[in-house]
>>> print(open('data.cif').read())   # mmCIF, N, CA and C atoms
data_model
loop_
_atom_site.label_atom_id
_atom_site.label_comp_id
_atom_site.auth_asym_id
_atom_site.auth_seq_id
_atom_site.Cartn_x
_atom_site.Cartn_y
_atom_site.Cartn_z
N MET K 1 0.85 -1.18 0.00
CA MET K 1 0.00 0.00 0.00
C MET K 1 0.90 1.24 0.00
N THR K 2 0.59 2.17 -0.87
CA THR K 2 1.38 3.40 -0.94
C THR K 2 1.01 4.34 0.21
N PRO K 3 1.88 5.30 0.52
CA PRO K 3 1.55 6.26 1.57
C PRO K 3 0.23 6.99 1.29
N TYR K 4 0.00 7.37 0.03
CA TYR K 4 -1.24 8.06 -0.28
C TYR K 4 -2.44 7.13 -0.07
N GLU K 5 -2.30 5.86 -0.42
CA GLU K 5 -3.40 4.91 -0.21
C GLU K 5 -3.71 4.75 1.27
N ARG K 6 -2.69 4.80 2.11
CA ARG K 6 -2.92 4.75 3.57
C ARG K 6 -3.74 5.97 4.00
N PHE K 7 -3.33 7.13 3.48
CA PHE K 7 -4.05 8.37 3.78
C PHE K 7 -5.51 8.26 3.31
N GLU K 8 -5.69 7.78 2.09
CA GLU K 8 -7.03 7.64 1.51
C GLU K 8 -7.89 6.68 2.34
N GLU K 9 -7.28 5.62 2.83
CA GLU K 9 -8.00 4.65 3.65
C GLU K 9 -8.48 5.28 4.96
N LEU K 10 -7.63 6.08 5.58
CA LEU K 10 -8.03 6.77 6.80
C LEU K 10 -9.16 7.76 6.53
N CYS K 11 -9.10 8.41 5.37
CA CYS K 11 -10.18 9.33 4.99
C CYS K 11 -11.50 8.59 4.86
N LYS K 12 -11.47 7.44 4.21
CA LYS K 12 -12.69 6.64 4.03
C LYS K 12 -13.26 6.21 5.36
N GLU K 13 -12.38 5.82 6.31
CA GLU K 13 -12.84 5.41 7.64
C GLU K 13 -13.60 6.53 8.33
N ARG K 14 -13.22 7.77 8.06
CA ARG K 14 -13.87 8.93 8.67
C ARG K 14 -14.98 9.51 7.81
N GLY K 15 -15.16 8.95 6.61
CA GLY K 15 -16.18 9.46 5.71
C GLY K 15 -15.84 10.82 5.15
N LEU K 16 -14.56 11.06 4.91
CA LEU K 16 -14.09 12.35 4.41
C LEU K 16 -13.43 12.22 3.05
N ALA K 17 -13.60 13.23 2.24
CA ALA K 17 -12.83 13.32 1.00
C ALA K 17 -11.40 13.71 1.40
N PRO K 18 -10.40 13.27 0.65
CA PRO K 18 -9.02 13.63 0.98
C PRO K 18 -8.80 15.13 1.12
N THR K 19 -9.40 15.92 0.25
CA THR K 19 -9.22 17.37 0.35
C THR K 19 -9.84 17.92 1.63
N ALA K 20 -10.99 17.40 2.02
CA ALA K 20 -11.63 17.83 3.27
C ALA K 20 -10.77 17.46 4.48
N ALA K 21 -10.18 16.28 4.45
CA ALA K 21 -9.31 15.85 5.55
C ALA K 21 -8.11 16.78 5.68
N MET K 22 -7.54 17.15 4.54
CA MET K 22 -6.39 18.07 4.56
C MET K 22 -6.77 19.39 5.21
N VAL K 23 -7.89 19.95 4.80
CA VAL K 23 -8.33 21.23 5.34
C VAL K 23 -8.60 21.11 6.84
N GLN K 24 -9.29 20.05 7.25
CA GLN K 24 -9.59 19.87 8.66
C GLN K 24 -8.34 19.64 9.50
N ALA K 25 -7.29 19.09 8.86
CA ALA K 25 -6.03 18.88 9.56
C ALA K 25 -5.17 20.15 9.57
N GLY K 26 -5.65 21.21 8.92
CA GLY K 26 -4.93 22.47 8.91
C GLY K 26 -3.96 22.61 7.74
N LEU K 27 -4.21 21.86 6.67
CA LEU K 27 -3.35 21.89 5.49
C LEU K 27 -4.15 22.35 4.28
N SER K 28 -3.48 22.49 3.15
CA SER K 28 -4.18 22.96 1.95
C SER K 28 -4.81 21.81 1.18
N LYS K 29 -5.90 22.13 0.47
CA LYS K 29 -6.56 21.14 -0.40
C LYS K 29 -5.58 20.62 -1.44
N ALA K 30 -4.77 21.53 -1.96
CA ALA K 30 -3.83 21.19 -3.04
C ALA K 30 -2.85 20.10 -2.64
N LEU K 31 -2.55 20.01 -1.36
CA LEU K 31 -1.60 18.99 -0.90
C LEU K 31 -2.12 17.59 -1.19
N ALA K 32 -3.42 17.37 -1.04
CA ALA K 32 -4.00 16.05 -1.33
C ALA K 32 -3.81 15.70 -2.80
N SER K 33 -4.09 16.64 -3.68
CA SER K 33 -3.93 16.41 -5.12
C SER K 33 -2.47 16.17 -5.49
N LYS K 34 -1.60 16.99 -4.94
CA LYS K 34 -0.17 16.86 -5.24
C LYS K 34 0.33 15.49 -4.80
N TRP K 35 -0.10 15.04 -3.64
CA TRP K 35 0.33 13.76 -3.11
C TRP K 35 -0.21 12.61 -3.96
N LYS K 36 -1.47 12.71 -4.38
CA LYS K 36 -2.09 11.65 -5.17
C LYS K 36 -1.42 11.52 -6.55
N VAL K 37 -1.12 12.64 -7.18
CA VAL K 37 -0.58 12.65 -8.54
C VAL K 37 0.89 12.25 -8.59
N SER K 38 1.67 12.73 -7.65
CA SER K 38 3.12 12.50 -7.67
C SER K 38 3.49 11.28 -6.84
N LYS K 39 3.90 10.23 -7.51
CA LYS K 39 4.21 8.96 -6.83
C LYS K 39 5.38 9.06 -5.86
N ASP K 40 6.35 9.96 -6.13
CA ASP K 40 7.52 10.05 -5.27
C ASP K 40 7.43 11.19 -4.25
N PHE K 41 6.31 11.88 -4.22
CA PHE K 41 6.12 12.99 -3.28
C PHE K 41 5.78 12.47 -1.89
N THR K 42 6.37 13.09 -0.88
CA THR K 42 6.02 12.82 0.51
C THR K 42 5.86 14.17 1.20
N PRO K 43 4.75 14.39 1.88
CA PRO K 43 4.59 15.65 2.62
C PRO K 43 5.71 15.83 3.63
N ASN K 44 6.02 17.08 3.98
CA ASN K 44 7.11 17.33 4.93
C ASN K 44 6.70 16.92 6.34
N GLY K 45 7.66 17.00 7.24
CA GLY K 45 7.43 16.57 8.62
C GLY K 45 6.30 17.30 9.32
N ASP K 46 6.18 18.61 9.09
CA ASP K 46 5.10 19.38 9.71
C ASP K 46 3.74 18.90 9.20
N SER K 47 3.65 18.67 7.90
CA SER K 47 2.38 18.19 7.32
C SER K 47 2.04 16.80 7.84
N LEU K 48 3.05 15.93 7.89
CA LEU K 48 2.81 14.58 8.41
C LEU K 48 2.41 14.62 9.88
N SER K 49 3.00 15.53 10.62
CA SER K 49 2.64 15.68 12.03
C SER K 49 1.18 16.10 12.19
N LYS K 50 0.74 17.05 11.37
CA LYS K 50 -0.66 17.49 11.43
C LYS K 50 -1.61 16.36 11.05
N LEU K 51 -1.24 15.61 10.01
CA LEU K 51 -2.09 14.49 9.59
C LEU K 51 -2.13 13.40 10.65
N SER K 52 -0.98 13.12 11.25
CA SER K 52 -0.94 12.08 12.27
C SER K 52 -1.79 12.46 13.49
N LYS K 53 -1.75 13.74 13.86
CA LYS K 53 -2.58 14.19 14.98
C LYS K 53 -4.06 14.12 14.61
N PHE K 54 -4.37 14.54 13.40
CA PHE K 54 -5.76 14.53 12.96
C PHE K 54 -6.34 13.11 12.95
N PHE K 55 -5.56 12.16 12.43
CA PHE K 55 -6.03 10.78 12.32
C PHE K 55 -5.67 9.90 13.52
N ASN K 56 -4.91 10.47 14.47
CA ASN K 56 -4.50 9.73 15.66
C ASN K 56 -3.68 8.49 15.29
N VAL K 57 -2.71 8.68 14.41
CA VAL K 57 -1.77 7.63 14.02
C VAL K 57 -0.36 8.19 14.12
N PRO K 58 0.65 7.33 14.23
CA PRO K 58 2.02 7.85 14.22
C PRO K 58 2.35 8.47 12.87
N ALA K 59 3.19 9.49 12.84
CA ALA K 59 3.54 10.17 11.59
C ALA K 59 4.15 9.21 10.58
N ASP K 60 4.91 8.24 11.06
CA ASP K 60 5.54 7.31 10.11
C ASP K 60 4.54 6.32 9.52
N TYR K 61 3.32 6.34 9.99
CA TYR K 61 2.28 5.47 9.40
C TYR K 61 2.16 5.72 7.91
N PHE K 62 2.34 6.95 7.50
CA PHE K 62 2.18 7.32 6.09
C PHE K 62 3.38 6.97 5.23
N ILE K 63 4.53 6.71 5.83
CA ILE K 63 5.73 6.51 5.02
C ILE K 63 6.52 5.25 5.34
N SER K 64 6.16 4.51 6.36
CA SER K 64 6.97 3.35 6.74
C SER K 64 6.57 2.09 5.99
N ASP K 65 7.41 1.10 6.11
CA ASP K 65 7.25 -0.20 5.48
C ASP K 65 6.03 -0.92 6.06
N ASP K 66 5.19 -1.50 5.20
CA ASP K 66 3.99 -2.22 5.65
C ASP K 66 4.32 -3.29 6.68
N SER K 67 5.46 -3.96 6.53
CA SER K 67 5.80 -5.06 7.42
C SER K 67 6.08 -4.58 8.84
N LYS K 68 6.35 -3.29 9.01
CA LYS K 68 6.65 -2.74 10.32
C LYS K 68 5.53 -1.86 10.84
N GLN K 69 4.40 -1.87 10.18
CA GLN K 69 3.31 -0.95 10.48
C GLN K 69 2.62 -1.26 11.79
N THR K 70 2.55 -0.26 12.63
CA THR K 70 1.76 -0.35 13.86
C THR K 70 0.98 0.95 13.96
N VAL K 71 -0.28 0.84 14.26
CA VAL K 71 -1.12 2.02 14.38
C VAL K 71 -1.71 2.06 15.78
N THR K 72 -1.46 3.14 16.48
CA THR K 72 -2.03 3.32 17.81
C THR K 72 -3.25 4.19 17.68
N ARG K 73 -4.39 3.62 17.91
CA ARG K 73 -5.62 4.39 17.85
C ARG K 73 -6.26 4.50 19.23
N ASP K 74 -5.57 4.02 20.22
CA ASP K 74 -6.09 4.02 21.57
C ASP K 74 -5.89 5.39 22.21
N PRO K 75 -6.97 6.14 22.44
CA PRO K 75 -6.85 7.47 23.05
C PRO K 75 -6.16 7.41 24.42
N TYR K 76 -6.28 6.27 25.12
CA TYR K 76 -5.64 6.12 26.42
C TYR K 76 -4.12 6.23 26.28
N ASP K 77 -3.54 5.62 25.23
CA ASP K 77 -2.10 5.70 24.99
C ASP K 77 -1.68 7.15 24.79
N ILE K 78 -2.44 7.87 23.98
CA ILE K 78 -2.12 9.27 23.70
C ILE K 78 -2.22 10.09 24.99
N ALA K 79 -3.25 9.86 25.76
CA ALA K 79 -3.43 10.59 27.02
C ALA K 79 -2.28 10.30 27.99
N MET K 80 -1.87 9.04 28.07
CA MET K 80 -0.77 8.67 28.97
C MET K 80 0.53 9.36 28.54
N LEU K 81 0.81 9.35 27.24
CA LEU K 81 2.03 10.00 26.74
C LEU K 81 1.99 11.51 26.98
N THR K 82 0.84 12.11 26.74
CA THR K 82 0.68 13.55 26.95
C THR K 82 0.90 13.90 28.42
N THR K 83 0.32 13.14 29.31
CA THR K 83 0.49 13.38 30.74
C THR K 83 1.94 13.21 31.14
N ALA K 84 2.58 12.16 30.64
CA ALA K 84 3.98 11.92 30.96
C ALA K 84 4.84 13.10 30.50
N LEU K 85 4.60 13.58 29.28
CA LEU K 85 5.39 14.70 28.76
C LEU K 85 5.19 15.96 29.58
N ARG K 86 3.95 16.19 30.02
CA ARG K 86 3.68 17.37 30.84
C ARG K 86 4.40 17.33 32.18
N ASN K 87 4.61 16.11 32.69
CA ASN K 87 5.23 15.96 34.01
C ASN K 87 6.75 15.82 33.96
N MET K 88 7.34 15.90 32.78
CA MET K 88 8.79 15.78 32.64
C MET K 88 9.45 17.15 32.70
N THR K 89 10.71 17.11 33.07
CA THR K 89 11.51 18.33 33.00
C THR K 89 11.83 18.58 31.52
N GLU K 90 12.30 19.78 31.22
CA GLU K 90 12.68 20.11 29.85
C GLU K 90 13.77 19.16 29.35
N GLN K 91 14.73 18.84 30.17
CA GLN K 91 15.80 17.92 29.79
C GLN K 91 15.23 16.52 29.49
N GLN K 92 14.32 16.04 30.31
CA GLN K 92 13.71 14.73 30.08
C GLN K 92 12.94 14.72 28.76
N ARG K 93 12.20 15.80 28.47
CA ARG K 93 11.45 15.87 27.20
C ARG K 93 12.41 15.83 26.02
N ARG K 94 13.51 16.57 26.11
CA ARG K 94 14.50 16.54 25.01
C ARG K 94 15.05 15.13 24.81
N GLU K 95 15.34 14.44 25.90
CA GLU K 95 15.87 13.07 25.81
C GLU K 95 14.84 12.13 25.19
N VAL K 96 13.58 12.28 25.57
CA VAL K 96 12.52 11.43 24.99
C VAL K 96 12.39 11.70 23.50
N LEU K 97 12.38 12.96 23.11
CA LEU K 97 12.29 13.30 21.69
C LEU K 97 13.51 12.81 20.91
N HIS K 98 14.67 12.92 21.51
CA HIS K 98 15.88 12.43 20.87
C HIS K 98 15.78 10.91 20.65
N TYR K 99 15.32 10.21 21.66
CA TYR K 99 15.16 8.76 21.53
C TYR K 99 14.10 8.41 20.49
N ALA K 100 13.00 9.14 20.50
CA ALA K 100 11.93 8.89 19.51
C ALA K 100 12.46 9.11 18.10
N GLU K 101 13.26 10.13 17.92
CA GLU K 101 13.84 10.39 16.60
C GLU K 101 14.79 9.26 16.20
N TYR K 102 15.49 8.71 17.18
CA TYR K 102 16.42 7.61 16.92
C TYR K 102 15.67 6.35 16.49
N ILE K 103 14.59 6.00 17.20
CA ILE K 103 13.89 4.75 16.87
C ILE K 103 12.90 4.89 15.72
N CYS K 104 12.54 6.12 15.39
CA CYS K 104 11.54 6.34 14.35
C CYS K 104 11.93 7.55 13.51
N PRO K 105 13.06 7.46 12.78
CA PRO K 105 13.57 8.65 12.08
C PRO K 105 12.62 9.21 11.03
N HIS K 106 11.82 8.37 10.39
CA HIS K 106 10.91 8.86 9.35
C HIS K 106 9.84 9.80 9.90
N ALA K 107 9.51 9.64 11.16
CA ALA K 107 8.49 10.50 11.76
C ALA K 107 9.00 11.93 11.90
N PHE K 108 10.32 12.12 11.84
CA PHE K 108 10.90 13.42 11.99
C PHE K 108 11.43 13.97 10.66
N ASN K 109 11.05 13.36 9.57
CA ASN K 109 11.48 13.78 8.24
C ASN K 109 10.93 15.17 7.95
N THR K 110 11.78 16.07 7.54
CA THR K 110 11.33 17.42 7.21
C THR K 110 11.51 17.74 5.74
N LYS K 111 11.78 16.75 4.92
CA LYS K 111 11.92 16.97 3.48
C LYS K 111 10.55 16.84 2.82
N GLY K 112 10.38 17.42 1.69
CA GLY K 112 9.11 17.34 0.97
C GLY K 112 8.36 18.64 1.07
N ASP K 113 7.05 18.57 0.98
CA ASP K 113 6.22 19.78 1.02
C ASP K 113 5.70 20.00 2.42
#
>>> encode(input="data.cif", output="structure tokens")
Amino acid sequence: MTPYERFEELCKERGLAPTAAMVQAGLSKALASKWKVSKDFTPNGDSLSKLSKFFNVPADYFISDDSKQTVTRDPYDIAMLTTALRNMTEQQRREVLHYAEYICPHAFNTKGD
């Protein structure tokens, strides 16, 4: 499954057109078209972050290998992580983000649109 097909599947689950999902996620309608048409295009890290938050999936869900795909849709997991981050010192948050970038580098990709 291509990254765009994953995006399209999430849109269908929510009953949204891809362009509507982009707008609701805080992105442009044109990004959906650009992504669908261009096979080698990948949205930038900020766009992937907005989409991942909107769909409640990890950012690398859109770009990682199918064989390694894991999707967390459990709001409890998100709430636990959010609470943990709020209760950490600034140094602890930096260390967690550094580790997250190490184990999931694609989620921090800033290339593309």
>>> resolve_selection(input="data.cif", expression="the PyMOL selection byres ((chain K and resi 48-54) around 8)", output="NGL selection string")
:K and (21-22 or 24-27 or 42-47 or 55-62 or 107 or 109 or 113)
>>> atom_distance(input="data.cif", atom1="atom N of Val37 in chain K", atom2="CA of Tyr4 in chain K")
8.3 Å
>>> axis_aligned_box(input="data.cif", around="range 87-106 of chain K", padding_each_side="5 Å", output="lines of an AutoDock Vina configuration file")
center_x = 10.5
center_y = 12.4
center_z = 21.7
size_x = 21.8
size_y = 25.4
size_z = 34.7
>>> select_by_dssp(input="data.cif", residues="range 28-100 of chain K", states="alpha helix (DSSP H)", output="ChimeraX atom specification")
/K:29-37,45-55,75-86,90-100
>>> atom_distance(input="data.cif", atom1="atom C of Ile63 in chain K", atom2="atom N of Pro3 in chain K")
6.7 Å
>>> atom_distance(input="data.cif", atom1="CA of Phe7 in chain K", atom2="CA of Ala32 in chain K")
9.2 Å
>>> residues_around(input="data.cif", residues="range 33-36 of chain K", least_positions_apart="2", cutoff="9 Å", atoms="only C-alpha atoms", output="JSON, numbers by chain")
{"K": [3, 4, 5, 18, 19, 29, 30, 31, 38, 39, 40, 41, 42, 43]}
>>> residues_around(input="data.cif", residues="Ala84 in chain K", least_positions_apart="5", cutoff="10 Å", atoms="only C-alpha atoms", output="PyMOL selection string")
chain K and resi 78-79+93
